[in-house]
>>> print(open('query39.csv').read())   # CSV, C-alpha atoms
chain,number,residue,atom,x,y,z
A,1,MET,CA,46.0,-2.5,-1.0
A,2,ALA,CA,42.4,-3.4,-1.7
A,3,THR,CA,40.9,-2.0,-4.8
A,4,ILE,CA,37.5,-0.3,-4.7
A,5,ALA,CA,34.9,-2.3,-6.7
A,6,PRO,CA,33.0,-0.4,-9.3
A,7,TYR,CA,30.1,1.6,-8.1
A,8,LYS,CA,27.7,3.8,-9.9
A,9,SER,CA,25.2,6.4,-8.9
A,10,ILE,CA,21.6,5.4,-8.8
A,11,LYS,CA,19.9,6.2,-12.1
A,12,PHE,CA,17.3,8.7,-11.1
A,13,PRO,CA,14.9,10.2,-13.6
A,14,SER,CA,16.1,13.3,-15.3
A,15,ASN,CA,16.6,16.3,-13.1
A,16,LEU,CA,15.7,14.3,-10.0
A,17,LEU,CA,18.2,15.0,-7.3
A,18,MET,CA,19.1,12.4,-4.8
A,19,PRO,CA,21.2,12.8,-1.7
A,20,PRO,CA,24.7,12.9,-3.2
A,21,THR,CA,26.1,10.7,-0.6
A,22,ILE,CA,24.0,7.6,-1.4
A,23,LEU,CA,25.7,5.2,-3.7
A,24,ALA,CA,24.2,2.2,-5.5
A,25,MET,CA,25.9,-1.0,-6.3
A,26,SER,CA,26.7,-2.0,-9.8
A,27,ASP,CA,24.1,-4.3,-11.3
A,28,SER,CA,26.7,-6.8,-12.4
A,29,GLU,CA,28.4,-7.2,-9.1
A,30,GLU,CA,27.7,-9.7,-6.4
A,31,VAL,CA,26.6,-8.1,-3.1
A,32,SER,CA,29.5,-9.8,-1.3
A,33,ALA,CA,32.0,-8.1,-3.6
A,34,LYS,CA,30.6,-4.7,-2.9
A,35,ILE,CA,32.4,-4.0,0.4
A,36,PRO,CA,36.0,-4.6,-0.6
A,37,ASP,CA,37.6,-3.2,2.5
A,38,SER,CA,36.8,-1.8,5.9
A,39,SER,CA,37.7,1.8,5.0
A,40,TYR,CA,35.0,1.8,2.3
A,41,ARG,CA,32.5,0.2,4.6
A,42,GLN,CA,33.2,3.0,7.2
A,43,THR,CA,32.8,5.6,4.5
A,44,LEU,CA,29.5,4.0,3.3
A,45,ASP,CA,28.2,3.7,6.9
A,46,ARG,CA,29.0,7.3,7.5
A,47,GLU,CA,27.4,8.4,4.3
A,48,ILE,CA,24.3,6.5,4.9
A,49,LYS,CA,24.1,7.7,8.5
A,50,GLU,CA,24.5,11.3,7.3
A,51,SER,CA,21.8,11.0,4.8
A,52,GLY,CA,19.4,9.7,7.5
A,53,LYS,CA,19.0,6.3,5.8
A,54,HIS,CA,19.0,3.2,7.8
A,55,ILE,CA,19.5,0.7,5.2
A,56,ARG,CA,21.7,-2.3,5.2
A,57,GLN,CA,24.6,-1.7,2.8
A,58,SER,CA,23.9,-5.0,1.1
A,59,GLY,CA,20.6,-6.3,-0.2
A,60,TRP,CA,18.7,-3.1,-0.9
A,61,ARG,CA,18.4,-4.0,-4.5
A,62,GLY,CA,16.7,-7.2,-3.4
A,63,ILE,CA,14.3,-5.1,-1.3
A,64,GLY,CA,13.6,-3.0,-4.3
A,65,LYS,CA,12.8,-6.0,-6.4
A,66,LYS,CA,10.6,-7.5,-3.8
A,67,PHE,CA,8.8,-4.1,-3.4
A,68,ALA,CA,8.2,-3.9,-7.2
A,69,GLU,CA,6.9,-7.5,-7.3
A,70,ASP,CA,4.6,-6.9,-4.3
A,71,LEU,CA,3.3,-3.7,-5.7
A,72,TYR,CA,2.7,-5.2,-9.1
A,73,ASN,CA,0.7,-8.1,-7.7
A,74,LEU,CA,-1.4,-5.8,-5.5
A,75,LEU,CA,-2.3,-3.6,-8.5
A,76,LYS,CA,-2.6,-6.3,-11.1
A,77,TYR,CA,-5.3,-8.2,-9.4
A,78,ASN,CA,-7.2,-5.4,-7.6
A,79,ASN,CA,-7.9,-2.2,-9.4
A,80,VAL,CA,-7.7,1.0,-7.5
A,81,GLU,CA,-11.1,2.6,-7.3
A,82,TYR,CA,-12.1,6.1,-6.4
A,83,GLY,CA,-13.6,6.2,-2.9
A,84,TYR,CA,-11.9,3.1,-1.6
A,85,SER,CA,-8.4,2.8,-0.1
A,86,HIS,CA,-6.1,0.2,-1.6
A,87,PRO,CA,-3.4,-1.9,0.1
A,88,ALA,CA,-0.9,-0.7,-2.4
A,89,GLU,CA,-1.1,2.8,-0.9
A,90,GLN,CA,0.2,1.5,2.4
A,91,LEU,CA,2.9,-0.5,0.8
A,92,ILE,CA,4.2,2.5,-1.1
A,93,GLU,CA,3.9,4.8,1.9
A,94,ARG,CA,5.7,2.4,4.2
A,95,THR,CA,8.5,1.9,1.6
A,96,LEU,CA,9.0,5.6,1.0
A,97,LYS,CA,9.1,6.3,4.7
A,98,THR,CA,11.6,3.5,5.3
A,99,TYR,CA,13.9,3.9,2.3
A,100,GLY,CA,13.3,7.5,1.3
A,101,ASP,CA,14.6,8.6,-2.1
A,102,LEU,CA,16.1,5.1,-2.6
A,103,ALA,CA,12.6,3.8,-3.3
A,104,VAL,CA,11.8,6.4,-6.0
A,105,PRO,CA,13.6,4.6,-8.9
A,106,TRP,CA,11.8,1.4,-7.9
A,107,ILE,CA,8.5,3.2,-8.5
A,108,PHE,CA,9.7,4.8,-11.7
A,109,ASP,CA,11.0,1.5,-13.0
A,110,LEU,CA,7.6,-0.2,-12.4
A,111,TYR,CA,5.9,2.7,-14.0
A,112,ASP,CA,8.2,2.6,-17.1
A,113,LYS,CA,7.9,-1.1,-17.5
A,114,ASN,CA,4.2,-1.0,-17.7
A,115,VAL,CA,3.5,2.4,-19.1
A,116,ILE,CA,2.9,1.2,-22.7
A,117,SER,CA,1.6,-2.3,-22.2
A,118,GLN,CA,-0.6,-1.8,-19.1
A,119,PRO,CA,-2.2,1.7,-18.9
A,120,GLN,CA,-4.7,0.5,-16.3
A,121,LEU,CA,-1.8,-0.5,-14.0
A,122,THR,CA,0.0,2.7,-14.8
A,123,ALA,CA,-3.1,4.7,-13.9
A,124,ASP,CA,-3.5,2.7,-10.7
A,125,ILE,CA,0.1,3.6,-9.6
A,126,LEU,CA,-0.8,7.3,-10.1
A,127,LYS,CA,-4.0,6.9,-8.1
A,128,CYS,CA,-2.1,5.5,-5.2
A,129,LEU,CA,0.6,8.1,-5.4
A,130,GLY,CA,-2.0,10.8,-5.5
A,131,ARG,CA,-3.3,9.7,-2.1
A,132,LEU,CA,0.1,10.1,-0.4
A,133,ASN,CA,1.0,13.1,1.6
A,134,PRO,CA,2.8,15.6,-0.8
A,135,TYR,CA,5.9,15.6,1.4
A,136,LEU,CA,6.4,12.0,0.5
A,137,ILE,CA,6.3,12.5,-3.3
A,138,TYR,CA,8.0,15.9,-3.4
A,139,ASP,CA,9.1,16.6,-6.0
A,140,TRP,CA,9.5,13.5,-8.1
A,141,GLY,CA,5.7,12.8,-8.0
A,142,TYR,CA,5.0,16.0,-9.9
A,143,LYS,CA,7.6,14.9,-12.5
A,144,LEU,CA,6.0,11.5,-12.8
A,145,ALA,CA,2.5,13.1,-13.2
A,146,LEU,CA,3.9,15.5,-15.8
A,147,LYS,CA,5.3,12.5,-17.8
A,148,ALA,CA,1.9,10.8,-17.5
A,149,LEU,CA,0.1,13.8,-18.9
A,150,SER,CA,1.5,13.2,-22.3
A,151,HIS,CA,0.3,9.6,-22.3
A,152,GLY,CA,-1.9,8.4,-25.1
A,153,ASP,CA,-4.4,6.7,-22.8
A,154,ILE,CA,-7.0,9.1,-21.4
A,155,GLU,CA,-7.3,7.2,-18.2
A,156,VAL,CA,-3.6,7.7,-17.4
A,157,ARG,CA,-3.9,11.4,-18.1
A,158,GLU,CA,-7.0,11.7,-16.0
A,159,THR,CA,-5.4,10.0,-13.0
A,160,ALA,CA,-2.3,12.2,-13.3
A,161,ILE,CA,-4.6,15.2,-13.2
A,162,ALA,CA,-6.4,13.8,-10.2
A,163,ALA,CA,-3.1,13.2,-8.4
A,164,LEU,CA,-2.1,16.8,-9.0
A,165,GLU,CA,-5.4,17.9,-7.6
A,166,LEU,CA,-4.8,16.0,-4.4
A,167,TRP,CA,-1.2,17.1,-3.9
A,168,GLY,CA,-2.1,20.7,-4.9
A,169,GLY,CA,0.5,23.4,-4.5
A,170,GLU,CA,2.2,25.8,-6.9
A,171,GLU,CA,3.9,23.0,-8.8
A,172,ALA,CA,0.5,21.4,-9.6
A,173,LEU,CA,-1.0,24.7,-10.6
A,174,LEU,CA,1.9,25.4,-12.9
A,175,ILE,CA,1.9,22.0,-14.6
A,176,LEU,CA,-1.9,22.1,-15.1
A,177,LYS,CA,-1.8,25.6,-16.6
A,178,ASN,CA,0.9,24.5,-19.0
A,179,ILE,CA,-0.9,21.4,-20.2
A,180,ALA,CA,-4.5,22.7,-20.3
A,181,PHE,CA,-4.1,24.0,-23.8
A,182,ASN,CA,-2.8,20.7,-25.1
A,183,GLU,CA,-5.6,18.6,-23.8
A,184,SER,CA,-7.9,17.8,-26.8
A,185,THR,CA,-10.6,15.9,-24.9
A,186,LEU,CA,-13.2,18.4,-23.9
A,187,TRP,CA,-14.4,16.8,-20.6
A,188,LEU,CA,-10.8,16.3,-19.4
A,189,LYS,CA,-10.0,19.9,-20.3
A,190,LYS,CA,-12.9,21.1,-18.2
A,191,TYR,CA,-11.7,19.0,-15.3
A,192,ILE,CA,-8.3,20.6,-15.6
A,193,GLU,CA,-9.8,24.1,-15.7
A,194,GLN,CA,-11.9,23.3,-12.6
A,195,ILE,CA,-8.8,22.2,-10.7
A,196,ILE,CA,-6.8,25.2,-11.9
A,197,SER,CA,-9.6,27.4,-10.6
A,198,ASP,CA,-9.7,25.6,-7.2
A,199,LEU,CA,-5.9,25.7,-6.8
A,200,ALA,CA,-5.7,29.3,-7.7
A,201,GLU,CA,-8.1,30.3,-4.9
B,1,MET,CA,-43.8,18.4,-16.1
B,2,GLU,CA,-40.5,17.9,-14.4
B,3,ARG,CA,-38.3,15.3,-16.0
B,4,LEU,CA,-37.0,12.5,-13.7
B,5,TYR,CA,-33.6,11.0,-14.1
B,6,LEU,CA,-31.7,8.1,-12.9
B,7,ALA,CA,-28.1,8.7,-11.9
B,8,ARG,CA,-25.4,6.1,-12.2
B,9,LYS,CA,-21.8,6.4,-11.1
B,10,ILE,CA,-19.3,5.8,-14.0
B,11,THR,CA,-15.6,6.2,-14.7
B,12,ARG,CA,-15.8,8.6,-17.6
B,13,SER,CA,-12.4,7.8,-19.1
B,14,LYS,CA,-13.5,4.2,-19.7
B,15,TRP,CA,-16.3,5.4,-22.1
B,16,ASP,CA,-14.0,7.1,-24.5
B,17,PRO,CA,-13.1,5.0,-27.6
B,18,LYS,CA,-9.8,3.3,-28.1
B,19,PRO,CA,-8.2,2.8,-31.5
B,20,TYR,CA,-9.4,-0.8,-31.6
B,21,THR,CA,-13.0,-0.1,-30.7
B,22,GLY,CA,-13.8,2.3,-33.4
B,23,GLU,CA,-16.9,4.1,-32.3
B,24,GLY,CA,-17.8,1.2,-30.1
B,25,VAL,CA,-17.7,0.7,-26.3
B,26,ARG,CA,-14.7,-0.7,-24.5
B,27,ALA,CA,-15.2,-3.9,-22.7
B,28,ASP,CA,-13.7,-2.4,-19.6
B,29,ALA,CA,-16.5,0.2,-19.6
B,30,ILE,CA,-19.1,-2.6,-19.3
B,31,THR,CA,-17.2,-4.8,-16.8
B,32,SER,CA,-16.2,-1.8,-14.6
B,33,CYS,CA,-19.1,0.6,-14.8
B,34,LEU,CA,-22.0,-1.8,-15.4
B,35,ARG,CA,-20.9,-4.6,-13.2
B,36,THR,CA,-24.2,-6.4,-12.2
B,37,GLN,CA,-25.0,-8.3,-9.1
B,38,GLU,CA,-28.0,-10.6,-9.2
B,39,ASP,CA,-28.7,-9.2,-12.6
B,40,SER,CA,-29.3,-5.7,-11.2
B,41,LEU,CA,-27.7,-2.3,-11.2
B,42,SER,CA,-27.8,0.5,-8.6
B,43,PHE,CA,-29.3,3.9,-9.5
B,44,TRP,CA,-30.3,7.0,-7.7
B,45,ARG,CA,-33.4,9.1,-8.5
B,46,CYS,CA,-33.0,12.8,-9.1
B,47,ASN,CA,-34.1,15.7,-11.3
B,48,HIS,CA,-31.8,17.9,-13.3
B,49,ASP,CA,-31.6,20.6,-10.6
B,50,PRO,CA,-27.9,21.1,-9.5
B,51,LEU,CA,-28.9,20.8,-5.9
B,52,ASP,CA,-30.7,17.6,-6.5
B,53,VAL,CA,-27.7,16.2,-8.4
B,54,LYS,CA,-25.6,17.1,-5.3
B,55,GLU,CA,-27.8,14.9,-3.2
B,56,VAL,CA,-26.9,12.0,-5.4
B,57,ILE,CA,-23.2,12.8,-5.0
B,58,LEU,CA,-23.7,12.9,-1.2
B,59,ALA,CA,-25.4,9.6,-1.2
B,60,LEU,CA,-22.6,8.0,-3.4
B,61,ALA,CA,-19.8,9.7,-1.5
B,62,LEU,CA,-21.0,8.2,1.8
B,63,GLY,CA,-21.7,4.7,0.5
B,64,GLU,CA,-21.3,2.4,3.4
B,65,LYS,CA,-18.1,0.7,2.2
B,66,ARG,CA,-16.4,3.8,1.0
B,67,ASP,CA,-13.6,5.0,3.3
B,68,ARG,CA,-12.2,8.1,1.5
B,69,LEU,CA,-13.6,11.0,-0.4
B,70,ASP,CA,-12.6,11.2,-4.1
B,71,LYS,CA,-13.9,12.6,-7.3
B,72,ILE,CA,-17.2,11.2,-8.5
B,73,GLU,CA,-18.6,11.1,-12.1
B,74,ILE,CA,-22.2,10.3,-12.9
B,75,VAL,CA,-24.5,10.1,-15.8
B,76,LEU,CA,-28.2,11.0,-15.7
B,77,LEU,CA,-30.5,8.9,-17.8
B,78,GLU,CA,-34.0,10.0,-18.4
B,79,GLN,CA,-36.3,7.6,-16.5
B,80,LYS,CA,-39.1,7.6,-19.1
B,81,ARG,CA,-36.8,6.6,-21.9
B,82,LEU,CA,-35.6,3.6,-19.9
B,83,ILE,CA,-39.2,2.7,-19.1
B,84,SER,CA,-40.0,2.8,-22.8
B,85,ASP,CA,-37.1,0.5,-23.5
B,86,GLY,CA,-38.6,-2.0,-21.2
B,87,PHE,CA,-36.3,-1.7,-18.2
B,88,VAL,CA,-37.7,-2.9,-14.9
B,89,PHE,CA,-37.2,-0.9,-11.7
B,90,LYS,CA,-37.3,-2.0,-8.1
B,91,PRO,CA,-37.1,0.6,-5.2
B,92,THR,CA,-34.6,-0.6,-2.6
B,93,ASP,CA,-32.9,1.1,0.3
B,94,GLY,CA,-29.7,2.8,-0.8
B,95,ASP,CA,-26.3,1.9,0.5
B,96,THR,CA,-25.4,5.3,2.1
B,97,LEU,CA,-24.8,6.7,5.5
B,98,VAL,CA,-27.2,9.5,4.8
B,99,SER,CA,-30.5,8.0,6.0
B,100,ASP,CA,-32.7,10.6,4.4
B,101,LEU,CA,-31.4,9.7,1.0
B,102,ARG,CA,-31.8,6.0,1.1
B,103,ALA,CA,-35.4,6.1,-0.3
B,104,ARG,CA,-34.0,7.7,-3.5
B,105,HIS,CA,-32.4,4.5,-4.5
B,106,LEU,CA,-33.6,1.9,-6.9
B,107,ASP,CA,-32.3,-1.1,-8.8
B,108,LEU,CA,-32.6,-1.8,-12.5
B,109,VAL,CA,-33.5,-5.5,-12.3
B,110,GLU,CA,-33.9,-8.5,-14.5
B,111,LEU,CA,-31.0,-7.3,-16.7
B,112,SER,CA,-29.8,-9.4,-19.7
B,113,LEU,CA,-26.9,-8.9,-22.0
B,114,MET,CA,-29.2,-7.2,-24.5
B,115,LYS,CA,-30.4,-4.8,-21.7
B,116,LEU,CA,-26.9,-4.0,-20.8
B,117,TYR,CA,-26.1,-3.3,-24.4
B,118,MET,CA,-29.1,-0.9,-24.5
B,119,LEU,CA,-28.0,0.8,-21.3
B,120,ALA,CA,-24.4,1.2,-22.6
B,121,SER,CA,-26.0,2.8,-25.7
B,122,HIS,CA,-27.8,5.3,-23.5
B,123,ILE,CA,-24.6,6.1,-21.6
B,124,ILE,CA,-22.7,6.5,-24.9
B,125,LYS,CA,-25.2,9.2,-25.9
B,126,VAL,CA,-24.2,11.1,-22.7
B,127,THR,CA,-20.5,10.6,-23.0
B,128,ARG,CA,-20.3,11.4,-26.7
B,129,GLY,CA,-22.7,14.3,-26.3
B,130,SER,CA,-25.2,13.2,-28.9
B,131,SER,CA,-28.4,13.7,-26.8
B,132,GLU,CA,-29.9,16.6,-24.9
B,133,ALA,CA,-31.9,14.2,-22.8
B,134,TYR,CA,-29.0,12.9,-20.8
B,135,TYR,CA,-26.3,14.5,-18.7
B,136,PHE,CA,-22.9,13.9,-17.4
B,137,TYR,CA,-21.5,15.4,-14.2
B,138,SER,CA,-18.1,15.4,-12.7
B,139,PHE,CA,-17.4,16.4,-9.1
B,140,ASN,CA,-13.8,16.7,-8.2
B,141,GLU,CA,-12.4,15.8,-4.8
B,142,LYS,CA,-12.8,19.3,-3.5
B,143,ASN,CA,-16.4,19.5,-4.6
B,144,VAL,CA,-17.3,16.1,-3.1
B,145,THR,CA,-15.6,17.0,0.2
B,146,ALA,CA,-17.5,20.3,0.4
B,147,ILE,CA,-20.8,18.5,-0.2
B,148,VAL,CA,-20.1,16.1,2.6
B,149,LYS,CA,-18.9,18.8,4.9
B,150,ALA,CA,-22.1,20.7,4.3
B,151,ALA,CA,-24.1,17.6,5.2
B,152,THR,CA,-22.2,17.2,8.5
B,153,ILE,CA,-22.8,20.8,9.4
B,154,ALA,CA,-26.5,20.4,8.6
B,155,GLY,CA,-26.6,17.4,10.9
B,156,ARG,CA,-27.6,14.9,8.2
B,157,VAL,CA,-24.7,12.7,9.1
B,158,GLU,CA,-22.4,12.8,12.1
B,159,GLU,CA,-18.8,13.4,11.3
B,160,LYS,CA,-17.6,11.1,14.0
B,161,ASN,CA,-19.5,8.2,12.3
B,162,LEU,CA,-17.5,8.6,9.1
B,163,PRO,CA,-14.4,6.6,8.4
B,164,PRO,CA,-11.1,8.1,9.8
B,165,LYS,CA,-9.7,9.0,6.4
B,166,MET,CA,-12.9,10.9,5.5
B,167,GLN,CA,-12.8,12.8,8.8
B,168,GLU,CA,-9.2,13.8,8.1
B,169,GLN,CA,-10.2,15.0,4.6
B,170,LEU,CA,-13.0,17.1,6.1
B,171,THR,CA,-10.7,18.8,8.5
B,172,LYS,CA,-8.7,20.1,5.6
B,173,ILE,CA,-11.4,22.3,4.1
B,174,LYS,CA,-12.2,25.7,5.5
>>> encode(input="query39.csv", output="C-alpha cells")
Amino acid sequence: MATIAPYKSIKFPSNLLMPPTILAMSDSEEVSAKIPDSSYRQTLDREIKESGKHIRQSGWRGIGKKFAEDLYNLLKYNNVEYGYSHPAEQLIERTLKTYGDLAVPWIFDLYDKNVISQPQLTADILKCLGRLNPYLIYDWGYKLALKALSHGDIEVRETAIAALELWGGEEALLILKNIAFNESTLWLKKYIEQIISDLAE
Amino acid sequence: MERLYLARKITRSKWDPKPYTGEGVRADAITSCLRTQEDSLSFWRCNHDPLDVKEVILALALGEKRDRLDKIEIVLLEQKRLISDGFVFKPTDGDTLVSDLRARHLDLVELSLMKLYMLASHIIKVTRGSSEAYYFYSFNEKNVTAIVKAATIAGRVEEKNLPPKMQEQLTKIK
C-alpha cells in the first residue's frame, strides 16, 4: 500500500482563512513525489475542483516563485506613481483571478521579505493592491494594510491609508478609526481624518 | 495686493526626514519631486483662494499622460520670493486636457544644483510648517474625482475624451 507523502497546509497570515480543501506541498519534497498514488490524486483533483481552482497539482510553487520574481522586477525598476497605472497592477490582478487565495501568500511573502530593507518597494506593493477591486483583496488586503500602518516609514503608512481609502467599506473605516489616534505625524493624521469623514458619509 | 503663488506637485511623505538625514532633505525627495527636464521644472500659477487651488488640481489630475485619478499633493510657493531668489520663469502651455487652464502653466528654467537646493529649502519651509508664506494642500482621491466630475459637468472637458479608467472612476461618484 502506498504511503501518503507529507503535506502541510499553506502558511497563511494569521487569521487568514483559506479554502480548507486546498493543500500545499511540503517545501522539501520533489514535485514528482507529491502524488504517491491514484487515490490521493483523485482526492486532490476533487478538492481542487470543489474549491473552484483550476491549478495543476504540480508546479504551483514554481508559478508562485515566478510571480514573485516578475512582480519584484516590475516594482524595483519602475516606481508606482499616483495618477499613472503600473504594469504590476495587471500582473497581480491576473494572478489573483487565476489562482485565487493561493496567490495571497506569494504577495505576503514578497511584502515580508522587503518590508524592512525596501520601504519604497513595500509602499509600491500597497499602491498596486489599493487599485484592485475590493473583492479581489477581501479580506487579506485589509490585514496587510493594517500591518503596514505600524511601519516606521511614513511612506508605507501613507500608501496603506491610501489603499484603505480606495477599497473603502466598513473594514477600512474601522481600521482608520482605530489607528487615527496613534498617528503622530500631523499631516498624515489629517489625511486619515479626511478619509474617515468621507467613508462615514 | 493679491499674492501670487506657484504650485508644484510633490509626494509629501518624501519630504519628512529620515533618521539618517537629521533635519536635512532626503535624496529621494529631490530625485522624485524635483526631477528636472532640460534644467526646468513645471509649475502652475494660482492664488491662495481654495477655488483657484482646485483649478491647479484639475489641471494636474488631467495631465495628458495620466490615466487614473489619484490623490494629489501640492505646495504653493510665493512667486515674488522665488523672483527675489533669482529664479527665471518661462510661460509655456501646460500639459493638461483642460484647455482653459493651459495658460496658467510656466516653467522654472535655467536651473542649477544650487537653485534646486534653494527650491528644496523653500519646500522644506512648507512641509515643516516654518513659514506662513507657503502652503501645502492634499486632495484625496475622492476630492480629485469630484473636481474632475464638476469640470465634465461644466463642459470644460468631455468625459468621453478621458482615459477609460478615469471614466470608470467618475461613474462611481454620485
>>> interface_residues(input="query39.csv", of="chain A", to="chain B", cutoff="9 Å", atoms="only C-alpha atoms", output="VMD selection string")
chain A and resid 82 to 85 153 to 156 158 162 165 to 166 187 to 188 191 194 to 195 198
>>> closest_residue(input="query39.csv", among="B:Lys80, B:Lys90, B:Lys149, B:His105", to="B:Ala7", atoms="all atoms listed in the file")
B:His105
>>> residues_around(input="query39.csv", residues="B:His48", least_positions_apart="2", cutoff="8 Å", atoms="all atoms listed in the file", output="list in words")
Arg3, Leu4, Tyr5, Cys46, Pro50, Asp52 and Val53 of chain B
>>> atom_distance(input="query39.csv", atom1="atom CA of A:Thr185", atom2="atom CA of A:Asp139")
27.3 Å
>>> closest_residue(input="query39.csv", among="A:Glu201, A:Asp112, A:Asp70, A:Glu193", to="A:Ile161", atoms="all atoms listed in the file")
A:Glu193
>>> atom_distance(input="query39.csv", atom1="atom CA of A:Glu89", atom2="atom CA of A:Ile125")
8.8 Å
>>> residues_near_point(input="query39.csv", point="(-25.0, 13.5, -1.1)", cutoff="9 Å", atoms="only C-alpha atoms", output="PyMOL selection string")
chain B and resi 52-62+96+98+101+144+147-148+151
>>> residues_around(input="query39.csv", residues="A:Leu121", least_positions_apart="2", cutoff="10 Å", atoms="all atoms listed in the file", output="ChimeraX atom specification")
/A:72,75-80,110-111,114-115,117-119,123-127,156
>>> atom_distance(input="query39.csv", atom1="atom CA of B:Lys9", atom2="atom CA of B:Trp44")
9.2 Å
>>> residues_near_point(input="query39.csv", point="(-25.0, 3.0, -24.6)", cutoff="12 Å", atoms="all atoms listed in the file", output="PyMOL selection string")
chain B and resi 15-16+23-26+29-30+33-34+75+77+82+114-131+134
>>> write_last_selection(input="query39.csv", atoms="C-alpha atoms", output="PDB file, keeping the file's coordinate frame")
ATOM      1  CA  TRP B  15     -16.300   5.400 -22.100  1.00  0.00           C
ATOM      2  CA  ASP B  16     -14.000   7.100 -24.500  1.00  0.00           C
ATOM      3  CA  GLU B  23     -16.900   4.100 -32.300  1.00  0.00           C
ATOM      4  CA  GLY B  24     -17.800   1.200 -30.100  1.00  0.00           C
ATOM      5  CA  VAL B  25     -17.700   0.700 -26.300  1.00  0.00           C
ATOM      6  CA  ARG B  26     -14.700  -0.700 -24.500  1.00  0.00           C
ATOM      7  CA  ALA B  29     -16.500   0.200 -19.600  1.00  0.00           C
ATOM      8  CA  ILE B  30     -19.100  -2.600 -19.300  1.00  0.00           C
ATOM      9  CA  CYS B  33     -19.100   0.600 -14.800  1.00  0.00           C
ATOM     10  CA  LEU B  34     -22.000  -1.800 -15.400  1.00  0.00           C
ATOM     11  CA  VAL B  75     -24.500  10.100 -15.800  1.00  0.00           C
ATOM     12  CA  LEU B  77     -30.500   8.900 -17.800  1.00  0.00           C
ATOM     13  CA  LEU B  82     -35.600   3.600 -19.900  1.00  0.00           C
ATOM     14  CA  MET B 114     -29.200  -7.200 -24.500  1.00  0.00           C
ATOM     15  CA  LYS B 115     -30.400  -4.800 -21.700  1.00  0.00           C
ATOM     16  CA  LEU B 116     -26.900  -4.000 -20.800  1.00  0.00           C
ATOM     17  CA  TYR B 117     -26.100  -3.300 -24.400  1.00  0.00           C
ATOM     18  CA  MET B 118     -29.100  -0.900 -24.500  1.00  0.00           C
ATOM     19  CA  LEU B 119     -28.000   0.800 -21.300  1.00  0.00           C
ATOM     20  CA  ALA B 120     -24.400   1.200 -22.600  1.00  0.00           C
ATOM     21  CA  SER B 121     -26.000   2.800 -25.700  1.00  0.00           C
ATOM     22  CA  HIS B 122     -27.800   5.300 -23.500  1.00  0.00           C
ATOM     23  CA  ILE B 123     -24.600   6.100 -21.600  1.00  0.00           C
ATOM     24  CA  ILE B 124     -22.700   6.500 -24.900  1.00  0.00           C
ATOM     25  CA  LYS B 125     -25.200   9.200 -25.900  1.00  0.00           C
ATOM     26  CA  VAL B 126     -24.200  11.100 -22.700  1.00  0.00           C
ATOM     27  CA  THR B 127     -20.500  10.600 -23.000  1.00  0.00           C
ATOM     28  CA  ARG B 128     -20.300  11.400 -26.700  1.00  0.00           C
ATOM     29  CA  GLY B 129     -22.700  14.300 -26.300  1.00  0.00           C
ATOM     30  CA  SER B 130     -25.200  13.200 -28.900  1.00  0.00           C
ATOM     31  CA  SER B 131     -28.400  13.700 -26.800  1.00  0.00           C
ATOM     32  CA  TYR B 134     -29.000  12.900 -20.800  1.00  0.00           C
TER      33      TYR B 134
END
>>> closest_residue(input="query39.csv", among="A:Asp109, A:Glu183, A:Glu69, A:Glu93", to="A:Pro134", atoms="only C-alpha atoms")
A:Glu93
>>> build_atoms(input="query39.csv", residues="stretch 118-129 of chain B", atoms="N, CA and C atoms", output="PDB file, in the coordinates of the input")
ATOM      1  N   MET B 118     -28.224  -2.056 -24.322  1.00  0.00           N
ATOM      2  CA  MET B 118     -29.100  -0.900 -24.500  1.00  0.00           C
ATOM      3  C   MET B 118     -28.682   0.226 -23.497  1.00  0.00           C
ATOM      4  N   LEU B 119     -28.371  -0.207 -22.278  1.00  0.00           N
ATOM      5  CA  LEU B 119     -28.000   0.800 -21.300  1.00  0.00           C
ATOM      6  C   LEU B 119     -26.651   1.447 -21.652  1.00  0.00           C
ATOM      7  N   ALA B 120     -25.726   0.630 -22.148  1.00  0.00           N
ATOM      8  CA  ALA B 120     -24.400   1.200 -22.600  1.00  0.00           C
ATOM      9  C   ALA B 120     -24.689   2.195 -23.741  1.00  0.00           C
ATOM     10  N   SER B 121     -25.649   1.882 -24.600  1.00  0.00           N
ATOM     11  CA  SER B 121     -26.000   2.800 -25.700  1.00  0.00           C
ATOM     12  C   SER B 121     -26.485   4.124 -25.182  1.00  0.00           C
ATOM     13  N   HIS B 122     -27.281   4.072 -24.114  1.00  0.00           N
ATOM     14  CA  HIS B 122     -27.800   5.300 -23.500  1.00  0.00           C
ATOM     15  C   HIS B 122     -26.590   6.124 -22.930  1.00  0.00           C
ATOM     16  N   ILE B 123     -25.697   5.424 -22.261  1.00  0.00           N
ATOM     17  CA  ILE B 123     -24.600   6.100 -21.600  1.00  0.00           C
ATOM     18  C   ILE B 123     -23.651   6.739 -22.695  1.00  0.00           C
ATOM     19  N   ILE B 124     -23.497   6.007 -23.784  1.00  0.00           N
ATOM     20  CA  ILE B 124     -22.700   6.500 -24.900  1.00  0.00           C
ATOM     21  C   ILE B 124     -23.255   7.847 -25.404  1.00  0.00           C
ATOM     22  N   LYS B 125     -24.591   7.924 -25.424  1.00  0.00           N
ATOM     23  CA  LYS B 125     -25.200   9.200 -25.900  1.00  0.00           C
ATOM     24  C   LYS B 125     -24.831  10.332 -24.978  1.00  0.00           C
ATOM     25  N   VAL B 126     -24.635  10.014 -23.690  1.00  0.00           N
ATOM     26  CA  VAL B 126     -24.200  11.100 -22.700  1.00  0.00           C
ATOM     27  C   VAL B 126     -22.760  11.417 -22.957  1.00  0.00           C
ATOM     28  N   THR B 127     -21.931  10.380 -22.973  1.00  0.00           N
ATOM     29  CA  THR B 127     -20.500  10.600 -23.000  1.00  0.00           C
ATOM     30  C   THR B 127     -20.011  11.175 -24.345  1.00  0.00           C
ATOM     31  N   ARG B 128     -20.742  10.864 -25.398  1.00  0.00           N
ATOM     32  CA  ARG B 128     -20.300  11.400 -26.700  1.00  0.00           C
ATOM     33  C   ARG B 128     -21.150  12.644 -27.049  1.00  0.00           C
ATOM     34  N   GLY B 129     -21.995  13.071 -26.112  1.00  0.00           N
ATOM     35  CA  GLY B 129     -22.700  14.300 -26.300  1.00  0.00           C
ATOM     36  C   GLY B 129     -23.698  14.387 -27.401  1.00  0.00           C
TER      37      GLY B 129
END
